[in-house]
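Listing of my_file13.txt; format and content: compact mmCIF, C-alpha atoms and all ligand atoms.
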# COMPACT_ATOMS: atom_id res chain seq x y z
CA MET A 1 41.47 -81.00 -35.78
CA PRO A 2 42.45 -77.35 -36.04
CA ASP A 3 46.17 -76.84 -35.52
CA CYS A 4 47.60 -74.06 -33.38
CA ALA A 5 48.07 -71.44 -36.11
CA ALA A 6 45.75 -68.43 -35.91
CA GLN A 7 43.18 -68.65 -38.70
CA THR A 8 41.33 -65.89 -40.51
CA THR A 9 37.81 -66.98 -41.44
CA ARG A 10 34.87 -65.16 -42.95
CA PHE A 11 31.11 -65.11 -43.24
CA ALA A 12 30.20 -63.87 -46.71
CA PRO A 13 26.44 -63.50 -47.12
CA SER A 14 24.83 -62.31 -50.33
CA PRO A 15 22.13 -59.78 -49.47
CA ASN A 16 19.34 -61.49 -51.37
CA GLY A 17 16.98 -61.93 -48.46
CA PRO A 18 16.87 -62.23 -44.68
CA LEU A 19 19.28 -64.55 -42.88
CA HIS A 20 17.92 -67.87 -41.66
CA LEU A 21 19.14 -70.58 -39.31
CA GLY A 22 21.49 -72.07 -41.91
CA HIS A 23 23.24 -68.73 -42.28
CA ALA A 24 23.48 -68.39 -38.52
CA LEU A 25 25.18 -71.78 -38.30
CA ALA A 26 27.61 -70.87 -41.10
CA ALA A 27 28.51 -67.62 -39.32
CA ILE A 28 28.91 -69.37 -35.96
CA ILE A 29 31.19 -72.07 -37.41
CA ALA A 30 33.43 -69.50 -39.07
CA HIS A 31 33.43 -67.32 -35.96
CA ASP A 32 34.23 -70.17 -33.56
CA LEU A 33 37.01 -71.62 -35.73
CA ALA A 34 38.68 -68.20 -35.80
CA ARG A 35 38.26 -67.63 -32.08
CA VAL A 36 39.51 -71.08 -31.02
CA SER A 37 42.69 -70.46 -33.02
CA GLY A 38 43.13 -66.91 -31.72
CA GLY A 39 42.53 -65.55 -35.23
CA ARG A 40 40.17 -63.13 -36.98
CA PHE A 41 36.57 -63.50 -38.07
CA LEU A 42 35.58 -61.32 -41.03
CA LEU A 43 32.25 -60.21 -42.42
CA ARG A 44 32.14 -59.55 -46.15
CA ILE A 45 28.94 -58.50 -47.86
CA GLU A 46 28.81 -60.22 -51.25
CA ASP A 47 26.60 -57.62 -52.82
CA ILE A 48 27.26 -58.34 -56.47
CA ASP A 49 25.83 -61.82 -56.22
CA GLY A 50 22.34 -61.81 -57.67
CA PRO A 51 20.11 -59.10 -59.07
CA ARG A 52 18.16 -58.85 -55.83
CA ALA A 53 21.16 -57.80 -53.74
CA ARG A 54 20.02 -54.98 -51.47
CA ALA A 55 22.35 -52.76 -49.48
CA GLU A 56 19.91 -52.15 -46.62
CA LEU A 57 19.87 -55.85 -45.83
CA ALA A 58 23.51 -55.62 -44.78
CA ASP A 59 22.50 -53.53 -41.75
CA GLU A 60 19.98 -56.16 -40.80
CA TYR A 61 22.71 -58.83 -41.07
CA ARG A 62 24.99 -56.89 -38.72
CA ARG A 63 22.19 -56.65 -36.16
CA ASP A 64 21.50 -60.38 -36.53
CA LEU A 65 25.16 -61.34 -35.97
CA GLU A 66 25.40 -59.06 -32.96
CA TRP A 67 22.23 -60.63 -31.57
CA LEU A 68 23.83 -64.08 -31.94
CA GLY A 69 26.70 -62.82 -29.78
CA LEU A 70 29.30 -62.74 -32.58
CA GLU A 71 32.02 -60.13 -33.07
CA TRP A 72 33.71 -59.52 -36.38
CA ASP A 73 35.88 -57.23 -38.45
CA GLU A 74 34.17 -56.06 -41.60
CA VAL A 75 36.03 -55.93 -44.90
CA PRO A 76 34.87 -53.96 -47.97
CA ALA A 77 31.78 -55.20 -49.80
CA GLN A 78 32.23 -56.75 -53.24
CA SER A 79 30.69 -53.79 -55.05
CA THR A 80 33.76 -51.71 -54.06
CA ARG A 81 36.18 -54.18 -55.67
CA LEU A 82 35.06 -54.23 -59.30
CA ALA A 83 38.32 -52.82 -60.70
CA HIS A 84 40.25 -55.58 -58.95
CA TYR A 85 37.99 -58.20 -60.54
CA SER A 86 38.42 -56.68 -64.01
CA ALA A 87 42.20 -56.69 -63.68
CA ALA A 88 42.20 -60.39 -62.81
CA ALA A 89 39.82 -61.18 -65.67
CA ASP A 90 42.17 -59.34 -68.02
CA ARG A 91 45.05 -61.53 -66.88
CA LEU A 92 43.05 -64.68 -67.56
CA LYS A 93 42.03 -63.25 -70.94
CA ALA A 94 45.66 -62.56 -71.80
CA LEU A 95 46.41 -66.21 -71.03
CA GLY A 96 43.74 -67.17 -73.59
CA LEU A 97 41.64 -68.88 -70.96
CA LEU A 98 38.36 -66.96 -71.33
CA TYR A 99 35.89 -66.96 -74.20
CA PRO A 100 32.75 -64.90 -74.75
CA CYS A 101 29.41 -66.68 -74.44
CA THR A 102 26.18 -65.08 -75.60
CA CYS A 103 23.95 -68.05 -74.78
CA THR A 104 20.80 -67.54 -72.79
CA ARG A 105 19.65 -70.06 -70.21
CA LYS A 106 17.00 -71.26 -72.69
CA GLN A 107 19.61 -71.83 -75.39
CA ILE A 108 21.79 -73.77 -72.97
CA GLU A 109 18.83 -75.97 -72.05
CA ALA A 110 17.93 -76.43 -75.72
CA ALA A 111 21.52 -77.46 -76.52
CA GLY A 112 20.98 -80.57 -74.38
CA ALA A 113 23.14 -79.52 -71.42
CA LYS A 114 23.51 -82.22 -68.78
CA PRO A 115 22.93 -81.57 -65.07
CA GLY A 116 26.12 -81.13 -63.04
CA SER A 117 27.02 -80.29 -59.45
CA ASP A 118 25.52 -76.81 -59.67
CA GLY A 119 22.86 -76.64 -62.36
CA LEU A 120 23.42 -77.48 -66.00
CA ILE A 121 26.94 -78.01 -67.35
CA TYR A 122 27.54 -75.57 -70.18
CA PRO A 123 27.76 -77.62 -73.40
CA GLY A 124 30.50 -75.46 -74.94
CA THR A 125 28.38 -73.93 -77.73
CA CYS A 126 30.40 -70.69 -77.92
CA ARG A 127 33.83 -72.16 -77.21
CA HIS A 128 34.97 -72.03 -80.82
CA ARG A 129 32.43 -69.56 -82.16
CA PRO A 130 33.63 -66.17 -83.41
CA PRO A 131 32.48 -63.47 -80.96
CA ASP A 132 29.39 -61.46 -81.87
CA PRO A 133 30.06 -57.96 -80.51
CA ALA A 134 26.44 -56.96 -81.07
CA ARG A 135 25.19 -59.24 -78.31
CA PRO A 136 25.97 -59.05 -74.58
CA ALA A 137 28.46 -61.74 -73.64
CA ALA A 138 29.58 -63.40 -70.44
CA LEU A 139 33.15 -64.72 -70.27
CA ARG A 140 33.56 -68.41 -69.57
CA LEU A 141 36.64 -70.27 -68.42
CA ASP A 142 37.98 -72.68 -71.01
CA SER A 143 38.36 -75.32 -68.33
CA ALA A 144 40.26 -77.86 -70.44
CA ARG A 145 42.88 -75.27 -71.42
CA ALA A 146 43.07 -73.90 -67.92
CA LEU A 147 43.59 -77.34 -66.40
CA ALA A 148 46.23 -78.15 -69.00
CA LEU A 149 48.06 -74.93 -68.18
CA ALA A 150 47.85 -75.35 -64.41
CA GLY A 151 48.67 -79.06 -64.30
CA PRO A 152 47.33 -81.42 -61.64
CA LEU A 153 46.09 -79.63 -58.52
CA VAL A 154 44.91 -80.73 -55.13
CA TRP A 155 43.05 -79.00 -52.33
CA GLU A 156 42.33 -80.20 -48.85
CA ASP A 157 38.99 -80.24 -47.11
CA ALA A 158 39.19 -80.40 -43.31
CA LEU A 159 36.56 -83.14 -43.23
CA ALA A 160 36.67 -84.87 -46.62
CA GLY A 161 40.48 -84.85 -46.96
CA PRO A 162 42.54 -84.27 -50.14
CA GLN A 163 40.62 -83.56 -53.37
CA ALA A 164 42.13 -83.67 -56.86
CA VAL A 165 40.81 -80.71 -58.87
CA ASP A 166 38.07 -82.01 -61.13
CA LEU A 167 35.84 -79.69 -63.15
CA SER A 168 33.72 -82.41 -64.72
CA GLY A 169 30.74 -81.46 -62.58
CA LEU A 170 30.96 -77.77 -63.43
CA GLY A 171 32.49 -77.41 -66.89
CA ASP A 172 33.26 -74.00 -68.39
CA VAL A 173 31.93 -71.81 -65.59
CA VAL A 174 31.16 -68.12 -66.08
CA LEU A 175 33.89 -65.92 -64.57
CA VAL A 176 32.63 -62.56 -65.88
CA ARG A 177 28.89 -62.06 -66.02
CA LYS A 178 27.07 -60.25 -68.80
CA ASP A 179 26.23 -57.41 -66.39
CA LEU A 180 29.21 -57.43 -64.00
CA PRO A 181 33.02 -57.70 -64.17
CA ALA A 182 33.02 -60.94 -62.15
CA SER A 183 30.95 -63.96 -61.20
CA TYR A 184 30.69 -65.53 -57.76
CA HIS A 185 33.67 -67.79 -58.49
CA LEU A 186 36.08 -65.08 -59.55
CA ALA A 187 34.99 -62.55 -56.92
CA VAL A 188 35.09 -64.93 -53.96
CA THR A 189 38.50 -66.32 -54.90
CA LEU A 190 40.02 -62.87 -55.26
CA ASP A 191 38.34 -61.58 -52.11
CA ASP A 192 39.46 -64.44 -49.90
CA ALA A 193 43.04 -63.83 -51.07
CA ALA A 194 42.81 -60.04 -50.66
CA ASP A 195 41.28 -60.38 -47.19
CA GLY A 196 43.93 -62.84 -46.01
CA VAL A 197 41.39 -65.59 -45.36
CA SER A 198 43.39 -68.65 -44.39
CA LEU A 199 40.47 -70.96 -43.62
CA VAL A 200 37.43 -70.84 -45.90
CA THR A 201 34.33 -72.30 -44.28
CA ARG A 202 31.14 -72.81 -46.24
CA GLY A 203 28.25 -75.20 -46.57
CA ALA A 204 28.70 -78.53 -48.28
CA ASP A 205 26.37 -77.27 -51.04
CA LEU A 206 29.33 -75.23 -52.34
CA PHE A 207 31.84 -78.10 -52.21
CA ALA A 208 32.21 -78.39 -56.00
CA ALA A 209 32.92 -74.67 -56.33
CA SER A 210 36.18 -75.18 -54.48
CA HIS A 211 37.57 -77.03 -57.50
CA VAL A 212 37.13 -73.86 -59.58
CA HIS A 213 38.58 -71.68 -56.86
CA ARG A 214 41.67 -73.87 -56.48
CA LEU A 215 42.25 -73.66 -60.23
CA LEU A 216 41.88 -69.87 -60.18
CA GLN A 217 44.33 -69.63 -57.28
CA ALA A 218 46.89 -71.52 -59.37
CA LEU A 219 46.27 -69.44 -62.51
CA LEU A 220 46.39 -66.10 -60.67
CA GLY A 221 49.20 -66.96 -58.26
CA LEU A 222 47.03 -66.58 -55.15
CA PRO A 223 47.60 -68.20 -51.76
CA VAL A 224 45.68 -71.44 -51.17
CA PRO A 225 43.51 -71.35 -48.06
CA ARG A 226 42.44 -74.36 -46.07
CA LEU A 227 38.83 -75.38 -46.56
CA HIS A 228 36.15 -76.64 -44.28
CA HIS A 229 32.80 -77.54 -45.85
CA HIS A 230 30.26 -78.13 -43.15
CA ARG A 231 27.08 -80.13 -43.34
CA LEU A 232 23.85 -78.21 -43.71
CA LEU A 233 21.17 -78.13 -41.08
CA THR A 234 18.08 -79.92 -42.28
CA ASP A 235 14.67 -80.46 -40.82
CA ALA A 236 13.10 -83.85 -40.15
CA ARG A 237 12.23 -84.22 -43.85
CA GLY A 238 15.79 -83.50 -44.95
CA GLU A 239 14.89 -80.07 -46.33
CA LYS A 240 17.59 -77.38 -46.03
CA LEU A 241 16.89 -75.04 -43.13
CA ALA A 242 18.68 -72.09 -44.73
CA LYS A 243 15.70 -71.04 -46.77
CA ARG A 244 12.99 -73.32 -45.57
CA ARG A 245 9.60 -71.80 -45.96
CA GLY A 246 8.01 -71.28 -42.58
CA SER A 247 11.33 -71.15 -40.72
CA PRO A 248 11.36 -67.58 -39.39
CA ALA A 249 14.18 -65.29 -40.43
CA LEU A 250 16.72 -64.37 -37.75
CA ALA A 251 15.50 -60.78 -37.86
CA ALA A 252 11.94 -61.86 -37.07
CA ARG A 253 13.11 -63.96 -34.11
CA ARG A 254 15.27 -61.09 -32.89
CA LEU A 255 12.41 -58.58 -33.13
CA ALA A 256 10.12 -61.03 -31.32
CA GLY A 257 12.48 -60.87 -28.34
CA GLU A 258 14.09 -64.31 -28.62
CA ASP A 259 17.51 -64.73 -26.96
CA GLY A 260 20.03 -64.82 -29.81
CA ARG A 261 22.93 -66.13 -27.74
CA ARG A 262 20.80 -69.02 -26.57
CA LEU A 263 19.84 -69.79 -30.16
CA ALA A 264 23.54 -69.67 -31.12
CA ASP A 265 24.34 -72.22 -28.42
CA GLU A 266 21.52 -74.47 -29.61
CA LEU A 267 22.95 -74.30 -33.12
CA ARG A 268 26.40 -75.19 -31.79
CA ARG A 269 24.91 -78.26 -30.14
CA ALA A 270 22.97 -79.22 -33.28
CA HIS A 271 26.17 -78.87 -35.29
CA LEU A 272 28.10 -81.07 -32.88
CA ALA A 273 25.33 -83.65 -33.22
CA LEU A 274 25.79 -83.61 -37.02
CA GLY A 275 29.38 -84.59 -36.37
CA THR A 276 30.84 -81.85 -38.57
N1 LIG B 1 28.04 -65.41 -50.86
C1 LIG B 1 27.85 -66.81 -50.89
C2 LIG B 1 26.49 -67.18 -50.38
O1 LIG B 1 25.87 -66.44 -49.66
C3 LIG B 1 28.84 -67.59 -50.06
C4 LIG B 1 30.22 -67.47 -50.55
C5 LIG B 1 31.15 -68.56 -50.05
O2 LIG B 1 31.06 -68.96 -48.89
O3 LIG B 1 31.97 -68.97 -50.82
O4 LIG B 1 26.00 -68.23 -50.69
ZN ZN B 2 27.47 -69.71 -75.22
Mind turning this structure into structure tokens?
Amino acid sequence: MPDCAAQTTRFAPSPNGPLHLGHALAAIIAHDLARVSGGRFLLRIEDIDGPRARAELADEYRRDLEWLGLEWDEVPAQSTRLAHYSAAADRLKALGLLYPCTCTRKQIEAAGAKPGSDGLIYPGTCRHRPPDPARPAALRLDSARALALAGPLVWEDALAGPQAVDLSGLGDVVLVRKDLPASYHLAVTLDDAADGVSLVTRGADLFAASHVHRLLQALLGLPVPRLHHHRLLTDARGEKLAKRRGSPALAARRLAGEDGRRLADELRRAHLALGT
């Protein structure tokens, strides 16, 4: 149950394509948890996440959220925060916790990487390899060293309860991409701290990522938000609704004249029925 303290929550879409029902539910949950506590609901456009990120989609998202009857405060998009990400990466580098990795996806597959909670777990090929400055490198977190430095850590999920930080499903994640001064993990952790987000809500598909974020909060001395991972809407066959083929985008429903507030209330009821 939410306590009485005012919470700051956020909806943080990556502009890779139109918003669908799953996004609407995520935004509504974050919005309602902020409102019920008398707090703030933020919109942050995560426009470094993915090569297909497109600025013009952000306008469409704002129209979609308005159509759903939500009000928000917008904070700066990720693309304006690159210097902040670099500074944090430098601190982790100075602690000896990052190493360059020049592996391609094919090489990682060929090295016999095992599946983890979010794709293949990096097998550590470059961990002790001298850097090759001639090839573009990502920077990976030396998770064993980082965990040893930080010591045992716990985070709390509103539904699943206390979680001991465990990176076995993720391994040495990328914190600085080959083409950008951050990855999703580094950017989102820094942003939530910078934006004063006190309650992070996201779909259960990102549950494992919270282990990485908790570790980064400890290493970088950032505040630790509360977390609420919500179940994902699925159709009768158990397929995720967020990107289901054939499920019309919010923008299409809006342009067809559907009542967005009514849809939002239907999603609230569907969410209640899920029990989370
Ligand atoms: N930008 C991420 C996405 O659209 C969500 C970030 C988060 O909630 O941590 O999937
Ligand atoms: Zn590598």
Compute the set of protein, DNA and RNA residues whose minimum atom distance to ligand ZN 2 (chain B) is at most 6 Å, using only C-alpha atoms and all ligand atoms, and state it as JSON, numbers by chain. {"A": [101, 102, 103, 125, 126]}
Quick one: distance from CA of Pro18 (chain A) to CA of Trp67 (chain A) in Å, one decimal?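 Computing it gives 14.3 Å between the two atoms.
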Contact check, region 61-146 of chain A to region 24-48 of chain A, at most 6 Å, counting only C-alpha atoms, closest pairs as CSV:
residue,atom,partner,partner_atom,distance
A:Trp72,CA,A:Phe41,CA,5.2
A:Asp73,CA,A:Leu42,CA,4.8
A:Glu74,CA,A:Leu43,CA,4.6
A:Val75,CA,A:Arg44,CA,5.5
A:Ala77,CA,A:Ile45,CA,4.8
A:Gln78,CA,A:Glu46,CA,5.3
A:Ser79,CA,A:Ile48,CA,5.9
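The coordinates place CA of Gly161 (chain A) at 26.7 Å from CA of Leu175 (chain A).
Separating CA of Val200 (chain A) from CA of Gln217 (chain A) is a distance of 13.4 Å.
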Residue with smallest distance to ligand LIG 1 (chain B) - pool A:Val176, A:Leu233, A:Leu190, A:Leu274, counting only C-alpha atoms and all ligand atoms: A:Leu190
Return as number ranges by chain the residues of protein, DNA or RNA that approach ligand LIG 1 (chain B) to within 9 Å, with only C-alpha atoms and all ligand atoms taken into account. A: 10-16, 23, 26, 44-47, 49, 184-185, 188-189, 192, 200-203, 206, 209-210
Using only C-alpha atoms, which residues sit within 12 Å of Leu186 (chain A) once same-chain residues fewer than 4 positions away are excluded, as a PyMOL selection string? chain A and resi 48-49+78+81-82+84-90+92+139-141+173-177+180-182+190-193+209-210+212-217+219-220+222
Please write the residues from the selection above to a file, keeping C-alpha atoms, as a PDB file, keeping the file's coordinate frame.
ATOM      1  CA  ILE A  48      27.260 -58.340 -56.470  1.00  0.00           C
ATOM      2  CA  ASP A  49      25.830 -61.820 -56.220  1.00  0.00           C
ATOM      3  CA  GLN A  78      32.230 -56.750 -53.240  1.00  0.00           C
ATOM      4  CA  ARG A  81      36.180 -54.180 -55.670  1.00  0.00           C
ATOM      5  CA  LEU A  82      35.060 -54.230 -59.300  1.00  0.00           C
ATOM      6  CA  HIS A  84      40.250 -55.580 -58.950  1.00  0.00           C
ATOM      7  CA  TYR A  85      37.990 -58.200 -60.540  1.00  0.00           C
ATOM      8  CA  SER A  86      38.420 -56.680 -64.010  1.00  0.00           C
ATOM      9  CA  ALA A  87      42.200 -56.690 -63.680  1.00  0.00           C
ATOM     10  CA  ALA A  88      42.200 -60.390 -62.810  1.00  0.00           C
ATOM     11  CA  ALA A  89      39.820 -61.180 -65.670  1.00  0.00           C
ATOM     12  CA  ASP A  90      42.170 -59.340 -68.020  1.00  0.00           C
ATOM     13  CA  LEU A  92      43.050 -64.680 -67.560  1.00  0.00           C
ATOM     14  CA  LEU A 139      33.150 -64.720 -70.270  1.00  0.00           C
ATOM     15  CA  ARG A 140      33.560 -68.410 -69.570  1.00  0.00           C
ATOM     16  CA  LEU A 141      36.640 -70.270 -68.420  1.00  0.00           C
ATOM     17  CA  VAL A 173      31.930 -71.810 -65.590  1.00  0.00           C
ATOM     18  CA  VAL A 174      31.160 -68.120 -66.080  1.00  0.00           C
ATOM     19  CA  LEU A 175      33.890 -65.920 -64.570  1.00  0.00           C
ATOM     20  CA  VAL A 176      32.630 -62.560 -65.880  1.00  0.00           C
ATOM     21  CA  ARG A 177      28.890 -62.060 -66.020  1.00  0.00           C
ATOM     22  CA  LEU A 180      29.210 -57.430 -64.000  1.00  0.00           C
ATOM     23  CA  PRO A 181      33.020 -57.700 -64.170  1.00  0.00           C
ATOM     24  CA  ALA A 182      33.020 -60.940 -62.150  1.00  0.00           C
ATOM     25  CA  LEU A 190      40.020 -62.870 -55.260  1.00  0.00           C
ATOM     26  CA  ASP A 191      38.340 -61.580 -52.110  1.00  0.00           C
ATOM     27  CA  ASP A 192      39.460 -64.440 -49.900  1.00  0.00           C
ATOM     28  CA  ALA A 193      43.040 -63.830 -51.070  1.00  0.00           C
ATOM     29  CA  ALA A 209      32.920 -74.670 -56.330  1.00  0.00           C
ATOM     30  CA  SER A 210      36.180 -75.180 -54.480  1.00  0.00           C
ATOM     31  CA  VAL A 212      37.130 -73.860 -59.580  1.00  0.00           C
ATOM     32  CA  HIS A 213      38.580 -71.680 -56.860  1.00  0.00           C
ATOM     33  CA  ARG A 214      41.670 -73.870 -56.480  1.00  0.00           C
ATOM     34  CA  LEU A 215      42.250 -73.660 -60.230  1.00  0.00           C
ATOM     35  CA  LEU A 216      41.880 -69.870 -60.180  1.00  0.00           C
ATOM     36  CA  GLN A 217      44.330 -69.630 -57.280  1.00  0.00           C
ATOM     37  CA  LEU A 219      46.270 -69.440 -62.510  1.00  0.00           C
ATOM     38  CA  LEU A 220      46.390 -66.100 -60.670  1.00  0.00           C
ATOM     39  CA  LEU A 222      47.030 -66.580 -55.150  1.00  0.00           C
TER      40      LEU A 222
END
Can you give me N, CA, C and O atoms for region 198-215 of chain A, written as a PDB file, in the frame of the given file?
ATOM      1  N   SER A 198      42.537 -67.459 -44.353  1.00  0.00           N
ATOM      2  CA  SER A 198      43.390 -68.650 -44.390  1.00  0.00           C
ATOM      3  C   SER A 198      42.575 -69.935 -44.259  1.00  0.00           C
ATOM      4  O   SER A 198      43.046 -71.010 -44.592  1.00  0.00           O
ATOM      5  N   LEU A 199      41.347 -69.801 -43.766  1.00  0.00           N
ATOM      6  CA  LEU A 199      40.470 -70.960 -43.620  1.00  0.00           C
ATOM      7  C   LEU A 199      39.081 -70.577 -44.136  1.00  0.00           C
ATOM      8  O   LEU A 199      38.385 -69.775 -43.516  1.00  0.00           O
ATOM      9  N   VAL A 200      38.738 -71.116 -45.301  1.00  0.00           N
ATOM     10  CA  VAL A 200      37.430 -70.840 -45.900  1.00  0.00           C
ATOM     11  C   VAL A 200      36.442 -71.867 -45.363  1.00  0.00           C
ATOM     12  O   VAL A 200      36.664 -73.068 -45.498  1.00  0.00           O
ATOM     13  N   THR A 201      35.372 -71.377 -44.729  1.00  0.00           N
ATOM     14  CA  THR A 201      34.330 -72.300 -44.280  1.00  0.00           C
ATOM     15  C   THR A 201      33.083 -71.990 -45.085  1.00  0.00           C
ATOM     16  O   THR A 201      32.753 -70.830 -45.318  1.00  0.00           O
ATOM     17  N   ARG A 202      32.430 -73.009 -45.572  1.00  0.00           N
ATOM     18  CA  ARG A 202      31.140 -72.810 -46.240  1.00  0.00           C
ATOM     19  C   ARG A 202      30.388 -74.127 -46.248  1.00  0.00           C
ATOM     20  O   ARG A 202      30.951 -75.186 -45.992  1.00  0.00           O
ATOM     21  N   GLY A 203      29.109 -74.016 -46.593  1.00  0.00           N
ATOM     22  CA  GLY A 203      28.250 -75.200 -46.570  1.00  0.00           C
ATOM     23  C   GLY A 203      28.666 -76.206 -47.622  1.00  0.00           C
ATOM     24  O   GLY A 203      29.264 -75.858 -48.656  1.00  0.00           O
ATOM     25  N   ALA A 204      28.343 -77.455 -47.359  1.00  0.00           N
ATOM     26  CA  ALA A 204      28.700 -78.530 -48.280  1.00  0.00           C
ATOM     27  C   ALA A 204      28.040 -78.349 -49.643  1.00  0.00           C
ATOM     28  O   ALA A 204      28.484 -78.941 -50.632  1.00  0.00           O
ATOM     29  N   ASP A 205      27.006 -77.513 -49.740  1.00  0.00           N
ATOM     30  CA  ASP A 205      26.370 -77.270 -51.040  1.00  0.00           C
ATOM     31  C   ASP A 205      27.315 -76.562 -51.998  1.00  0.00           C
ATOM     32  O   ASP A 205      27.095 -76.576 -53.212  1.00  0.00           O
ATOM     33  N   LEU A 206      28.375 -75.934 -51.474  1.00  0.00           N
ATOM     34  CA  LEU A 206      29.330 -75.230 -52.340  1.00  0.00           C
ATOM     35  C   LEU A 206      30.635 -76.016 -52.498  1.00  0.00           C
ATOM     36  O   LEU A 206      31.628 -75.468 -52.987  1.00  0.00           O
ATOM     37  N   PHE A 207      30.613 -77.287 -52.151  1.00  0.00           N
ATOM     38  CA  PHE A 207      31.840 -78.100 -52.210  1.00  0.00           C
ATOM     39  C   PHE A 207      32.476 -78.062 -53.603  1.00  0.00           C
ATOM     40  O   PHE A 207      33.680 -77.818 -53.752  1.00  0.00           O
ATOM     41  N   ALA A 208      31.664 -78.294 -54.635  1.00  0.00           N
ATOM     42  CA  ALA A 208      32.210 -78.390 -56.000  1.00  0.00           C
ATOM     43  C   ALA A 208      32.871 -77.084 -56.437  1.00  0.00           C
ATOM     44  O   ALA A 208      33.845 -77.092 -57.203  1.00  0.00           O
ATOM     45  N   ALA A 209      32.361 -75.965 -55.946  1.00  0.00           N
ATOM     46  CA  ALA A 209      32.920 -74.670 -56.330  1.00  0.00           C
ATOM     47  C   ALA A 209      34.393 -74.560 -55.969  1.00  0.00           C
ATOM     48  O   ALA A 209      35.163 -73.863 -56.626  1.00  0.00           O
ATOM     49  N   SER A 210      34.790 -75.285 -54.922  1.00  0.00           N
ATOM     50  CA  SER A 210      36.180 -75.180 -54.480  1.00  0.00           C
ATOM     51  C   SER A 210      37.161 -75.708 -55.519  1.00  0.00           C
ATOM     52  O   SER A 210      38.324 -75.298 -55.541  1.00  0.00           O
ATOM     53  N   HIS A 211      36.703 -76.581 -56.411  1.00  0.00           N
ATOM     54  CA  HIS A 211      37.570 -77.030 -57.500  1.00  0.00           C
ATOM     55  C   HIS A 211      37.922 -75.847 -58.415  1.00  0.00           C
ATOM     56  O   HIS A 211      39.061 -75.679 -58.837  1.00  0.00           O
ATOM     57  N   VAL A 212      36.913 -75.045 -58.734  1.00  0.00           N
ATOM     58  CA  VAL A 212      37.130 -73.860 -59.580  1.00  0.00           C
ATOM     59  C   VAL A 212      38.056 -72.886 -58.875  1.00  0.00           C
ATOM     60  O   VAL A 212      38.991 -72.332 -59.475  1.00  0.00           O
ATOM     61  N   HIS A 213      37.801 -72.679 -57.589  1.00  0.00           N
ATOM     62  CA  HIS A 213      38.580 -71.680 -56.860  1.00  0.00           C
ATOM     63  C   HIS A 213      40.042 -72.092 -56.761  1.00  0.00           C
ATOM     64  O   HIS A 213      40.941 -71.255 -56.907  1.00  0.00           O
ATOM     65  N   ARG A 214      40.276 -73.387 -56.562  1.00  0.00           N
ATOM     66  CA  ARG A 214      41.670 -73.870 -56.480  1.00  0.00           C
ATOM     67  C   ARG A 214      42.387 -73.637 -57.809  1.00  0.00           C
ATOM     68  O   ARG A 214      43.561 -73.270 -57.847  1.00  0.00           O
ATOM     69  N   LEU A 215      41.663 -73.883 -58.900  1.00  0.00           N
ATOM     70  CA  LEU A 215      42.250 -73.660 -60.230  1.00  0.00           C
ATOM     71  C   LEU A 215      42.562 -72.173 -60.428  1.00  0.00           C
ATOM     72  O   LEU A 215      43.642 -71.813 -60.900  1.00  0.00           O
TER      73      LEU A 215
END
